[in-house]
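Structure data follow from protein.cif (mmCIF, C-alpha atoms):
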```
data_structure
loop_
_atom_site.label_atom_id
_atom_site.label_comp_id
_atom_site.auth_asym_id
_atom_site.auth_seq_id
_atom_site.Cartn_x
_atom_site.Cartn_y
_atom_site.Cartn_z
CA MET K 1316 -41.41 36.27 34.12
CA THR K 1317 -41.36 32.61 33.17
CA ARG K 1318 -38.18 30.47 33.15
CA SER K 1319 -38.11 30.33 29.34
CA GLN K 1320 -38.40 34.14 29.18
CA ARG K 1321 -35.54 34.53 31.67
CA GLU K 1322 -33.36 32.13 29.67
CA ALA K 1323 -34.20 33.93 26.43
CA LYS K 1324 -32.94 37.20 27.94
CA ASN K 1325 -29.85 35.60 29.53
CA PRO K 1326 -27.60 33.81 26.98
CA ARG K 1327 -25.67 32.13 29.77
CA MET K 1328 -28.81 30.63 31.26
CA ARG K 1329 -29.86 29.56 27.77
CA LEU K 1330 -26.52 27.78 27.26
CA VAL K 1331 -26.70 26.06 30.64
CA GLY K 1332 -30.25 24.99 29.96
CA MET K 1333 -29.35 23.66 26.53
CA LEU K 1334 -26.39 21.67 27.89
CA GLY K 1335 -28.50 20.27 30.70
CA GLU K 1336 -31.26 19.21 28.33
CA ALA K 1337 -28.75 17.55 26.00
CA TRP K 1338 -27.18 15.68 28.92
CA ARG K 1339 -30.58 14.46 30.15
CA ASP K 1340 -31.53 13.30 26.65
CA LEU K 1341 -28.28 11.33 26.36
CA ILE K 1342 -28.37 9.57 29.73
CA SER K 1343 -32.10 8.88 29.61
CA GLY K 1344 -31.96 7.31 26.17
CA THR K 1345 -34.25 9.87 24.60
CA SER K 1346 -31.75 10.55 21.84
CA HIS K 1347 -31.11 6.78 21.25
CA ALA K 1348 -27.41 7.64 21.20
CA CYS K 1349 -26.14 4.07 21.70
CA ALA K 1350 -28.17 2.57 18.87
CA LEU K 1351 -27.31 5.43 16.54
CA ALA K 1352 -23.58 5.20 17.39
CA VAL K 1353 -23.56 1.48 16.61
CA GLY K 1354 -25.47 2.03 13.38
CA LEU K 1355 -23.13 4.77 12.21
CA ALA K 1356 -20.09 2.67 13.19
CA CYS K 1357 -21.41 -0.23 11.09
CA LEU K 1358 -21.89 2.11 8.14
CA ILE K 1359 -18.34 3.41 8.47
CA LEU K 1360 -16.86 -0.07 8.82
CA LEU K 1361 -18.80 -1.35 5.82
CA LEU K 1362 -17.66 1.46 3.53
CA VAL K 1363 -14.09 1.59 4.82
CA GLY K 1364 -13.83 -2.19 4.59
CA ALA K 1365 -15.01 -2.18 0.98
CA ASP K 1366 -12.51 0.53 0.07
CA TRP K 1367 -9.68 -1.21 1.90
CA LEU K 1368 -10.37 -4.51 0.14
CA THR K 1369 -10.33 -2.73 -3.23
CA ILE K 1370 -7.09 -0.93 -2.45
CA ALA K 1371 -5.53 -4.15 -1.15
CA SER K 1372 -6.50 -5.90 -4.39
CA ILE K 1373 -4.82 -3.17 -6.46
CA GLN K 1374 -1.73 -3.36 -4.23
CA ARG K 1375 -1.61 -7.14 -4.55
CA GLN K 1376 -1.91 -6.90 -8.34
CA THR K 1377 0.89 -4.34 -8.37
CA ASP K 1378 3.14 -6.43 -6.12
CA GLU K 1379 2.63 -9.49 -8.31
CA TYR K 1380 3.35 -7.49 -11.45
CA VAL K 1381 6.56 -6.01 -10.06
CA ALA K 1382 7.74 -9.23 -8.38
CA ALA K 1383 7.24 -11.21 -11.59
CA GLY K 1384 9.47 -8.79 -13.50
CA GLY K 1385 6.79 -6.80 -15.28
CA SER K 1386 8.62 -3.58 -14.42
CA THR K 1387 12.15 -4.98 -14.89
CA TRP K 1388 13.91 -3.98 -18.09
CA VAL K 1389 16.76 -5.97 -19.62
CA MET K 1390 19.19 -4.72 -22.25
CA GLU K 1391 21.16 -7.44 -24.01
CA TYR K 1392 24.35 -6.23 -25.66
CA ASN K 1393 26.98 -8.95 -25.70
CA ASN K 1394 30.26 -7.81 -24.14
CA HIS K 1395 29.35 -4.15 -24.63
CA ILE K 1396 27.90 -3.14 -21.24
CA ASP K 1397 29.71 -1.09 -18.63
CA GLY K 1398 28.94 -2.80 -15.32
CA ALA K 1399 29.66 0.29 -13.21
CA ALA K 1400 27.40 2.47 -15.36
CA CYS K 1401 24.65 -0.12 -15.10
CA ASP K 1402 24.93 -0.24 -11.30
CA ARG K 1403 24.75 3.55 -11.12
CA LEU K 1404 21.25 3.50 -12.59
CA ALA K 1405 20.06 2.42 -9.14
CA SER K 1406 20.57 6.02 -7.98
CA LEU K 1407 17.75 7.27 -10.25
CA ASP K 1408 14.33 8.07 -8.82
CA GLY K 1409 11.98 5.12 -9.16
CA VAL K 1410 14.76 2.56 -9.74
CA GLU K 1411 14.72 -0.09 -7.03
CA ALA K 1412 17.77 -2.00 -8.24
CA ALA K 1413 20.09 -2.20 -11.24
CA GLY K 1414 23.02 -4.42 -12.17
CA ALA K 1415 24.86 -6.19 -14.96
CA VAL K 1416 25.12 -9.90 -15.80
CA ARG K 1417 27.40 -11.96 -18.01
CA GLN K 1418 27.54 -15.65 -18.91
CA THR K 1419 30.64 -17.75 -18.24
CA ASP K 1420 31.79 -21.15 -19.46
CA GLN K 1421 32.38 -22.30 -15.91
CA LYS K 1422 30.25 -24.51 -13.70
CA LEU K 1423 30.11 -25.19 -10.00
CA VAL K 1424 30.45 -28.92 -9.41
CA PHE K 1425 29.44 -29.87 -5.88
CA ALA K 1426 30.80 -32.90 -4.06
CA ALA K 1427 27.25 -34.12 -3.34
CA LEU K 1428 26.41 -34.15 -7.08
CA PRO K 1429 29.75 -34.70 -8.87
CA SER K 1430 28.10 -35.64 -12.14
CA THR K 1431 26.13 -32.42 -12.46
CA GLY K 1432 27.45 -28.88 -12.67
CA VAL K 1433 25.56 -25.70 -11.95
CA PRO K 1434 26.10 -23.04 -14.65
CA LEU K 1435 27.92 -20.02 -13.27
CA MET K 1436 27.12 -16.42 -14.16
CA GLU K 1437 28.93 -13.32 -12.99
CA ILE K 1438 27.01 -10.32 -11.72
CA THR K 1439 27.77 -6.85 -10.42
CA PRO K 1440 26.93 -6.06 -6.77
CA GLY K 1441 23.83 -4.16 -7.88
CA ALA K 1442 22.49 -7.18 -9.75
CA ARG K 1443 22.41 -9.17 -6.52
CA ARG K 1444 19.57 -6.98 -5.30
CA VAL K 1445 17.71 -7.37 -8.59
CA PHE K 1446 17.66 -11.14 -8.17
CA ALA K 1447 16.94 -10.90 -4.45
CA LEU K 1448 13.86 -8.79 -5.15
CA SER K 1449 12.57 -11.49 -7.51
CA THR K 1450 11.86 -13.59 -4.43
CA THR K 1451 8.20 -12.66 -3.86
CA GLY K 1452 9.13 -9.02 -3.91
CA THR K 1453 11.31 -9.16 -0.81
CA GLY K 1454 14.53 -7.30 -0.39
CA ALA K 1455 18.01 -8.73 -0.37
CA ASP K 1456 18.19 -8.36 3.37
CA ASP K 1457 15.29 -10.78 3.79
CA LEU K 1458 17.09 -13.65 2.08
CA SER K 1459 19.58 -14.36 4.84
CA GLY K 1460 17.01 -15.48 7.35
CA GLY K 1461 16.16 -13.01 10.05
CA GLY K 1462 17.18 -9.95 8.08
CA GLU K 1463 20.97 -10.40 8.55
CA GLN K 1464 23.11 -10.06 5.46
CA VAL K 1465 25.79 -12.73 5.10
CA SER K 1466 29.24 -11.61 4.09
CA VAL K 1467 31.22 -14.63 3.06
CA SER K 1468 34.54 -15.84 1.77
CA VAL K 1469 35.34 -18.98 -0.14
CA ASP K 1470 38.20 -21.39 0.41
CA SER K 1471 41.18 -21.33 -1.93
CA ASP K 1472 40.95 -19.74 -5.38
CA THR K 1473 37.93 -21.48 -6.81
CA ASP K 1474 36.35 -19.91 -9.87
CA ALA K 1475 33.33 -18.88 -7.84
CA ALA K 1476 35.39 -17.53 -4.98
CA THR K 1477 35.34 -13.97 -3.81
CA GLU K 1478 37.81 -12.13 -1.69
CA ASP K 1479 37.29 -11.87 2.07
CA GLY K 1480 34.53 -9.47 2.98
CA GLU K 1481 32.67 -9.83 -0.32
CA GLU K 1482 29.50 -11.82 -0.84
CA GLY K 1483 29.57 -15.43 -1.98
CA VAL K 1484 27.49 -17.06 -4.67
CA MET K 1485 23.73 -16.84 -4.94
CA LEU K 1486 21.88 -19.99 -5.95
CA SER K 1487 18.55 -20.28 -7.65
CA ALA K 1488 15.95 -22.17 -5.62
CA GLU K 1489 16.16 -25.15 -8.01
CA ALA K 1490 19.94 -25.31 -7.73
CA ALA K 1491 19.83 -25.01 -3.94
CA LYS K 1492 17.06 -27.57 -3.45
CA PRO K 1493 19.21 -30.78 -3.65
CA PHE K 1494 21.43 -29.43 -0.86
CA THR K 1495 18.64 -27.74 1.13
CA ALA K 1496 20.95 -24.75 1.01
CA VAL K 1497 20.01 -21.44 2.59
CA ALA K 1498 21.85 -18.17 3.04
CA GLY K 1499 24.99 -18.89 5.03
CA SER K 1500 25.27 -22.56 4.01
CA ILE K 1501 28.76 -23.83 3.16
CA LEU K 1502 28.82 -26.38 0.33
CA ALA K 1503 31.74 -28.60 -0.59
CA LEU K 1504 32.95 -28.64 -4.19
CA ARG K 1505 34.09 -31.77 -5.98
CA ASP K 1506 37.74 -30.63 -5.90
CA GLY K 1507 37.72 -30.37 -2.11
CA ARG K 1508 37.18 -26.64 -1.80
CA ASN K 1509 34.17 -24.95 -0.22
CA VAL K 1510 31.82 -22.22 -1.31
CA GLN K 1511 29.44 -20.26 0.90
CA VAL K 1512 25.93 -19.36 -0.19
CA SER K 1513 25.03 -15.71 0.29
CA GLY K 1514 21.41 -16.05 -0.79
CA VAL K 1515 18.81 -18.16 -2.55
CA PHE K 1516 16.47 -16.57 -5.08
CA GLU K 1517 13.29 -17.87 -6.69
CA TRP K 1518 12.81 -18.02 -10.43
CA PRO K 1519 9.35 -19.46 -11.10
CA ASP K 1520 8.15 -20.44 -14.54
CA ASP K 1521 5.70 -17.56 -14.86
CA GLY K 1522 6.74 -16.15 -18.20
CA ARG K 1523 9.91 -14.38 -17.16
CA LYS K 1524 13.21 -14.67 -19.06
CA SER K 1525 14.53 -18.25 -19.06
CA GLY K 1526 18.03 -19.43 -18.23
CA PHE K 1527 18.07 -18.47 -14.55
CA SER K 1528 16.03 -21.22 -12.91
CA TYR K 1529 19.13 -23.42 -12.42
CA VAL K 1530 22.15 -21.21 -11.99
CA ALA K 1531 24.76 -19.85 -9.59
CA LEU K 1532 25.54 -16.14 -9.50
CA ALA K 1533 28.96 -14.90 -8.43
CA PRO K 1534 29.42 -11.17 -7.71
CA VAL K 1535 32.47 -9.56 -9.33
CA PRO K 1536 33.84 -6.01 -9.01
CA THR K 1537 32.40 -3.44 -11.39
CA ASN K 1538 35.86 -2.09 -12.13
CA SER K 1539 36.70 -5.26 -14.02
CA SER K 1540 38.07 -4.61 -17.50
CA GLU K 1541 35.78 -7.28 -18.91
CA ALA K 1542 32.43 -5.96 -20.15
CA PHE K 1543 29.04 -7.48 -19.36
CA SER K 1544 26.34 -8.76 -21.69
CA GLN K 1545 23.13 -7.73 -19.92
CA CYS K 1546 22.00 -4.74 -17.87
CA TRP K 1547 18.96 -5.26 -15.65
CA VAL K 1548 16.93 -2.42 -14.17
CA ARG K 1549 13.99 -2.94 -11.83
CA THR K 1550 11.80 0.15 -11.55
CA TRP K 1551 8.62 1.15 -9.74
CA PRO K 1552 6.96 3.37 -10.55
CA GLU K 1553 8.47 2.94 -13.97
CA THR K 1554 11.06 5.59 -14.78
CA LYS K 1555 10.54 7.67 -17.88
CA ASP K 1556 12.97 7.17 -20.76
CA ILE K 1557 14.34 4.01 -19.15
CA GLU K 1558 15.29 2.61 -22.56
CA SER K 1559 17.43 5.67 -23.32
CA LEU K 1560 19.09 5.38 -19.92
CA LEU K 1561 19.84 1.72 -20.53
CA ARG K 1562 21.50 2.50 -23.84
CA MET K 1563 23.83 4.89 -22.02
CA THR K 1564 25.40 1.90 -20.24
CA GLY K 1565 26.56 0.42 -23.56
CA ILE K 1566 30.16 0.58 -24.68
CA GLY K 1567 30.46 1.69 -28.31
CA SER K 1568 27.92 3.39 -30.53
CA GLY K 1569 26.39 0.26 -31.98
CA MET K 1570 25.95 2.09 -35.30
CA ASP K 1571 28.37 -0.08 -37.23
CA ALA K 1572 26.41 -2.33 -39.59
CA THR K 1573 28.62 -5.26 -38.60
CA GLN K 1574 28.14 -4.68 -34.90
CA GLU K 1575 25.33 -6.26 -32.91
CA ARG K 1576 22.72 -3.77 -31.76
CA PRO K 1577 21.41 -3.68 -28.18
CA GLN K 1578 18.10 -5.40 -27.58
CA ILE K 1579 15.86 -3.98 -24.87
CA ALA K 1580 12.78 -5.76 -23.52
CA LYS K 1581 10.91 -6.37 -20.30
CA LEU K 1582 11.84 -9.37 -18.19
CA ASN K 1583 8.27 -10.66 -18.14
CA MET K 1584 5.38 -9.71 -20.43
CA SER K 1585 2.92 -12.36 -19.21
CA LYS K 1586 1.14 -9.88 -16.93
CA GLY K 1587 0.85 -7.20 -19.59
CA SER K 1588 3.13 -4.65 -21.16
CA ALA K 1589 2.27 -1.98 -18.58
CA LEU K 1590 0.38 -1.49 -15.33
CA ASP K 1591 -0.93 1.91 -14.33
CA SER K 1592 -1.74 1.27 -10.68
CA ALA K 1593 -2.25 5.01 -10.05
CA SER K 1594 -5.03 5.03 -12.64
CA LEU K 1595 -6.57 1.89 -11.15
CA PHE K 1596 -6.56 3.61 -7.78
CA ARG K 1597 -8.19 6.75 -9.11
CA VAL K 1598 -11.00 5.01 -11.03
CA ARG K 1599 -11.83 2.35 -8.43
CA LEU K 1600 -15.54 2.17 -7.64
CA THR K 1601 -14.97 2.56 -3.92
CA ALA K 1602 -13.38 5.97 -4.50
CA TYR K 1603 -16.92 7.29 -4.03
CA THR K 1604 -17.34 5.79 -0.55
CA PRO K 1605 -16.93 9.19 1.19
CA TRP K 1606 -19.85 10.56 -0.84
CA ILE K 1607 -21.89 7.46 -0.07
CA ALA K 1608 -21.03 7.89 3.61
CA LEU K 1609 -22.06 11.55 3.44
CA VAL K 1610 -25.47 10.82 1.90
CA ALA K 1611 -26.22 7.75 4.04
CA ALA K 1612 -25.14 9.49 7.25
CA MET K 1613 -27.17 12.55 6.33
CA ALA K 1614 -30.22 10.33 5.97
CA LEU K 1615 -29.46 8.67 9.31
CA GLY K 1616 -29.04 12.00 11.07
CA PHE K 1617 -32.21 13.38 9.53
CA ILE K 1618 -34.34 10.35 10.40
CA ALA K 1619 -32.93 10.11 13.93
CA THR K 1620 -33.80 13.78 14.56
CA TRP K 1621 -37.07 13.93 12.62
CA THR K 1622 -38.55 11.16 14.77
CA ARG K 1623 -38.25 13.65 17.65
CA ARG K 1624 -40.16 16.41 15.86
CA LEU K 1625 -43.00 16.34 18.40
CA GLU K 1626 -40.51 16.86 21.22
CA MET K 1627 -38.79 19.67 19.33
CA ALA K 1628 -42.07 21.38 18.39
CA SER K 1629 -43.14 21.23 22.05
CA ALA K 1630 -39.87 22.86 23.08
CA LEU K 1631 -40.41 25.61 20.53
CA HIS K 1632 -43.97 26.09 21.82
CA CYS K 1633 -42.57 26.53 25.33
CA GLY K 1634 -40.39 29.37 24.12
CA VAL K 1635 -37.08 27.63 23.45
CA PRO K 1636 -35.31 29.54 20.64
CA LYS K 1637 -34.66 27.47 17.54
CA THR K 1638 -30.97 28.33 17.69
CA ALA K 1639 -30.77 26.86 21.20
CA LEU K 1640 -32.69 23.79 20.07
CA LEU K 1641 -30.37 23.42 17.09
CA MET K 1642 -27.29 23.64 19.31
CA GLN K 1643 -28.76 21.03 21.66
CA ILE K 1644 -29.48 18.54 18.88
CA VAL K 1645 -26.10 19.16 17.25
CA LEU K 1646 -24.35 18.55 20.57
CA GLU K 1647 -26.21 15.28 21.08
CA THR K 1648 -25.39 14.25 17.52
CA ILE K 1649 -21.70 15.08 17.97
CA VAL K 1650 -21.58 12.83 21.04
CA TRP K 1651 -22.97 9.71 19.38
CA ALA K 1652 -21.15 10.39 16.10
CA THR K 1653 -17.84 10.66 17.98
CA ALA K 1654 -18.66 7.43 19.80
CA ALA K 1655 -19.22 5.75 16.44
CA VAL K 1656 -15.80 6.90 15.18
CA LEU K 1657 -14.16 5.64 18.38
CA LEU K 1658 -15.81 2.26 17.90
CA THR K 1659 -14.05 1.97 14.54
CA SER K 1660 -10.64 3.02 15.92
CA PRO K 1661 -9.31 -0.59 16.15
CA LEU K 1662 -9.52 -0.71 12.34
CA TRP K 1663 -7.12 2.23 11.99
CA ALA K 1664 -4.69 0.65 14.45
CA TRP K 1665 -4.80 -2.61 12.49
CA VAL K 1666 -4.18 -0.80 9.18
CA TRP K 1667 -1.20 0.99 10.67
CA LEU K 1668 0.31 -2.24 12.02
CA GLN K 1669 -0.18 -4.10 8.73
CA ASN K 1670 1.70 -1.50 6.68
CA GLY K 1671 4.84 0.56 6.89
CA ASP K 1672 4.59 4.06 8.30
CA ALA K 1673 4.51 5.80 4.90
CA GLU K 1674 2.01 3.36 3.36
CA ALA K 1675 -0.14 3.34 6.50
CA ALA K 1676 -0.22 7.13 6.57
CA ALA K 1677 -1.29 7.32 2.92
CA LEU K 1678 -3.89 4.56 3.37
CA ALA K 1679 -5.27 6.09 6.57
CA ASP K 1680 -5.50 9.49 4.87
CA THR K 1681 -7.61 7.91 2.13
CA MET K 1682 -9.88 5.90 4.41
CA LEU K 1683 -10.33 8.61 7.06
CA ARG K 1684 -12.38 10.54 4.52
CA VAL K 1685 -15.24 8.12 5.18
CA PRO K 1686 -15.70 8.80 8.93
CA VAL K 1687 -15.15 12.52 8.36
CA ALA K 1688 -17.85 12.51 5.68
CA ALA K 1689 -20.10 10.44 7.95
CA VAL K 1690 -19.81 12.90 10.84
CA VAL K 1691 -20.47 15.84 8.54
CA GLY K 1692 -23.43 13.94 7.09
CA VAL K 1693 -25.17 13.18 10.40
CA LEU K 1694 -24.66 16.76 11.60
CA SER K 1695 -26.09 18.11 8.36
CA GLY K 1696 -29.05 15.74 8.45
CA ALA K 1697 -29.81 16.55 12.06
CA GLY K 1698 -29.55 20.28 11.38
CA VAL K 1699 -31.93 20.06 8.43
CA ALA K 1700 -34.47 18.13 10.52
CA VAL K 1701 -34.38 20.80 13.22
CA MET K 1702 -34.76 23.61 10.72
CA LEU K 1703 -37.77 21.90 9.11
CA THR K 1704 -39.53 21.49 12.44
CA ARG K 1705 -42.33 24.05 12.91
CA GLU K 1706 -44.04 25.04 16.14
CA SER K 1707 -47.21 25.61 14.15
CA HIS K 1708 -47.24 21.93 13.18
CA LEU K 1709 -47.35 20.78 16.80
CA LEU K 1710 -50.92 19.39 16.57
CA ARG K 1711 -50.13 17.62 13.27
CA TYR K 1712 -47.05 16.02 14.85
CA PHE K 1713 -49.17 14.97 17.82
CA LYS K 1714 -51.80 13.32 15.61
CA ASN K 1715 -49.18 11.50 13.53
CA ARG K 1716 -47.07 10.30 16.44
#
```
Same coordinates, now as structure tokens:
Amino acid sequence: MTRSQREAKNPRMRLVGMLGEAWRDLISGTSHACALAVGLACLILLLVGADWLTIASIQRQTDEYVAAGGSTWVMEYNNHIDGAACDRLASLDGVEAAGAVRQTDQKLVFAALPSTGVPLMEITPGARRVFALSTTGTGADDLSGGGEQVSVSVDSDTDAATEDGEEGVMLSAEAAKPFTAVAGSILALRDGRNVQVSGVFEWPDDGRKSGFSYVALAPVPTNSSEAFSQCWVRTWPETKDIESLLRMTGIGSGMDATQERPQIAKLNMSKGSALDSASLFRVRLTAYTPWIALVAAMALGFIATWTRRLEMASALHCGVPKTALLMQIVLETIVWATAAVLLTSPLWAWVWLQNGDAEAAALADTMLRVPVAAVVGVLSGAGVAVMLTRESHLLRYFKNR
């Protein structure tokens, strides 16, 4: 009884023989595992990179839209807005920040510029975060330098003063520029008193509502008996029926013909009236990269295996069962396909470090479809090549080698 006949009758011997042959093919270079692993890794990196760049572009467009105020709604209703009700809108799903604003006749006159006063507006505590988020999309915590929030008090009983433990005034970047003020700075007023800056916010001329590029904002308690004139709500993704919710913060019905009606509009319409980033994500061209990876990897696996058809036909002629040959080729393919995925692993680590845990998990889940499809593709292609190999075509393979 020949060796092949003994192995055919003994499954264990067949398995050992198949594993040994696969190992010899890998270490001898017969399977060209290194070159194939590098080629598959390049394919994965190319497709994943293209998809990542597309997703990053959509994210950047979304961030710019939200930061510029494209998703911030403002209801103007002079002296008819409940500040506490407006602040409570921040508890709704999708609302990042909400707060009320009202104009005053007061100005902050600094000792360094006694001839110029900075208009003073009063805001609810929730509005502070709305303005803080206008600074390139960062949070209020980022405005104090190093992530530390500054709780401040102001000397004496100045108009802009707050009680101990409350936050001081926020200055727009243009108002803070002459003093090079930052969060935590203490500025002297013309009358000898001091005011502490709790934050500096940007208000670029990009189409957003005017009147806030040169201003000081002083937080006041929401339980004040005096009503506010504006309610600001920053949402993302945009909350449904936000206009109806804004109207609920108004005091009075507004149905009297002699009474001013509330006006609701977006803070900035220069970037469009709406942005459906979810739709942009779904219809992006690179959404098909997993299918491209599947087809391209299938072709790679087929070609890499089909070039060994003479070797496989010879093995079949020697009595190796096709199932054993298939398992051998699949095992070899799994090895170099796994190596290709490991070569791309630094990309996944970089994606994770560049994003928060939740965003990184969602992004990795999307992009991991490419290497998964690639591995499935090479295995499928290799399997098809084995199945198409015929022992009866041995002489043809030999002539065409």
Output of the PyMOL selection byres ((chain K and resi 1408-1415) around 10), listed as a ChimeraX atom specification: /K:1386-1391,1396-1407,1416-1417,1437-1448,1454,1534,1537,1542-1555,1557,1564
Residue contacts of Leu1609 (chain K) (6 Å, all atoms listed in the file) excluding same-chain residues fewer than 5 positions away, as a ChimeraX atom specification: /K:1688-1689,1692
Expansion of the PyMOL selection byres ((chain K and resi 1642-1658) around 7) into residues, as a list in words: Met1333, Leu1334, Ala1337, Leu1341, Ala1348, Cys1349, Leu1351, Ala1352, Val1353, Leu1355, Ala1356, Thr1638, Ala1639, Leu1640, Leu1641, Thr1659, Ser1660, Pro1686, Val1690, Leu1694, Ala1697 and Gly1698 of chain K
Two-atom distance - CA of Met1682 (chain K), CA of Ala1700 (chain K) (Å):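 We find that CA of Met1682 (chain K) and CA of Ala1700 (chain K) lie 28.1 Å from each other.
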Selection under test: the PyMOL selection byres ((chain K and resi 1424-1430) around 8); residues as a list in words: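 With the shown file as input, the PyMOL selection byres ((chain K and resi 1424-1430) around 8) matches Lys1422, Leu1423, Thr1431, Gly1432, Val1433, Phe1494, Leu1502, Ala1503, Leu1504, Arg1505, Asp1506 and Gly1507 of chain K.
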Among the residues K:Ser1528, K:Ser1629, K:Thr1604, K:Thr1495, the one that comes closest to Leu1709 (chain K) [using all atoms listed in the file]: K:Ser1629
Point-to-point distance from CA of Gly1364 (chain K) to CA of Gly1696 (chain K), Å rounded to tenths: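 CA of Gly1696 (chain K) lies 23.8 Å from CA of Gly1364 (chain K).
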Atomic separation - CA of Met1584 (chain K) relative to CA of Leu1486 (chain K), Å: 24.2 Å
Residue nearest Val1515 (chain K) among K:Arg1624, K:Ser1449, K:Arg1576, K:Asp1556 (counting all atoms listed in the file): K:Ser1449
Expected residue set, 12 Å radius at (-14.8, 2.6, 0.4), only C-alpha atoms, as a VMD selection string: chain K and resid 1358 to 1371 1596 1599 to 1609 1678 to 1679 1681 to 1686 1688
Residue with smallest distance to Met1563 (chain K) - pool K:Trp1663, K:Glu1575, K:Tyr1392, K:Gly1526, counting all atoms listed in the file: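 Comparing K:Trp1663, K:Glu1575, K:Tyr1392, K:Gly1526 against Met1563 (chain K), the winner is K:Tyr1392.
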Best match for closeness to Gln1421 (chain K) among K:Ala1531, K:Arg1339, K:Gly1522, K:Glu1489, counting only C-alpha atoms: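 Answer, going by the shortest atom-to-atom distance: K:Ala1531.
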Given all atoms listed in the file as the counted atoms, nearest of K:Asn1538, K:Ser1559, K:Ser1707, K:Gln1376 to Gly1587 (chain K):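 Distance minimum relative to Gly1587 (chain K) lands on K:Gln1376.
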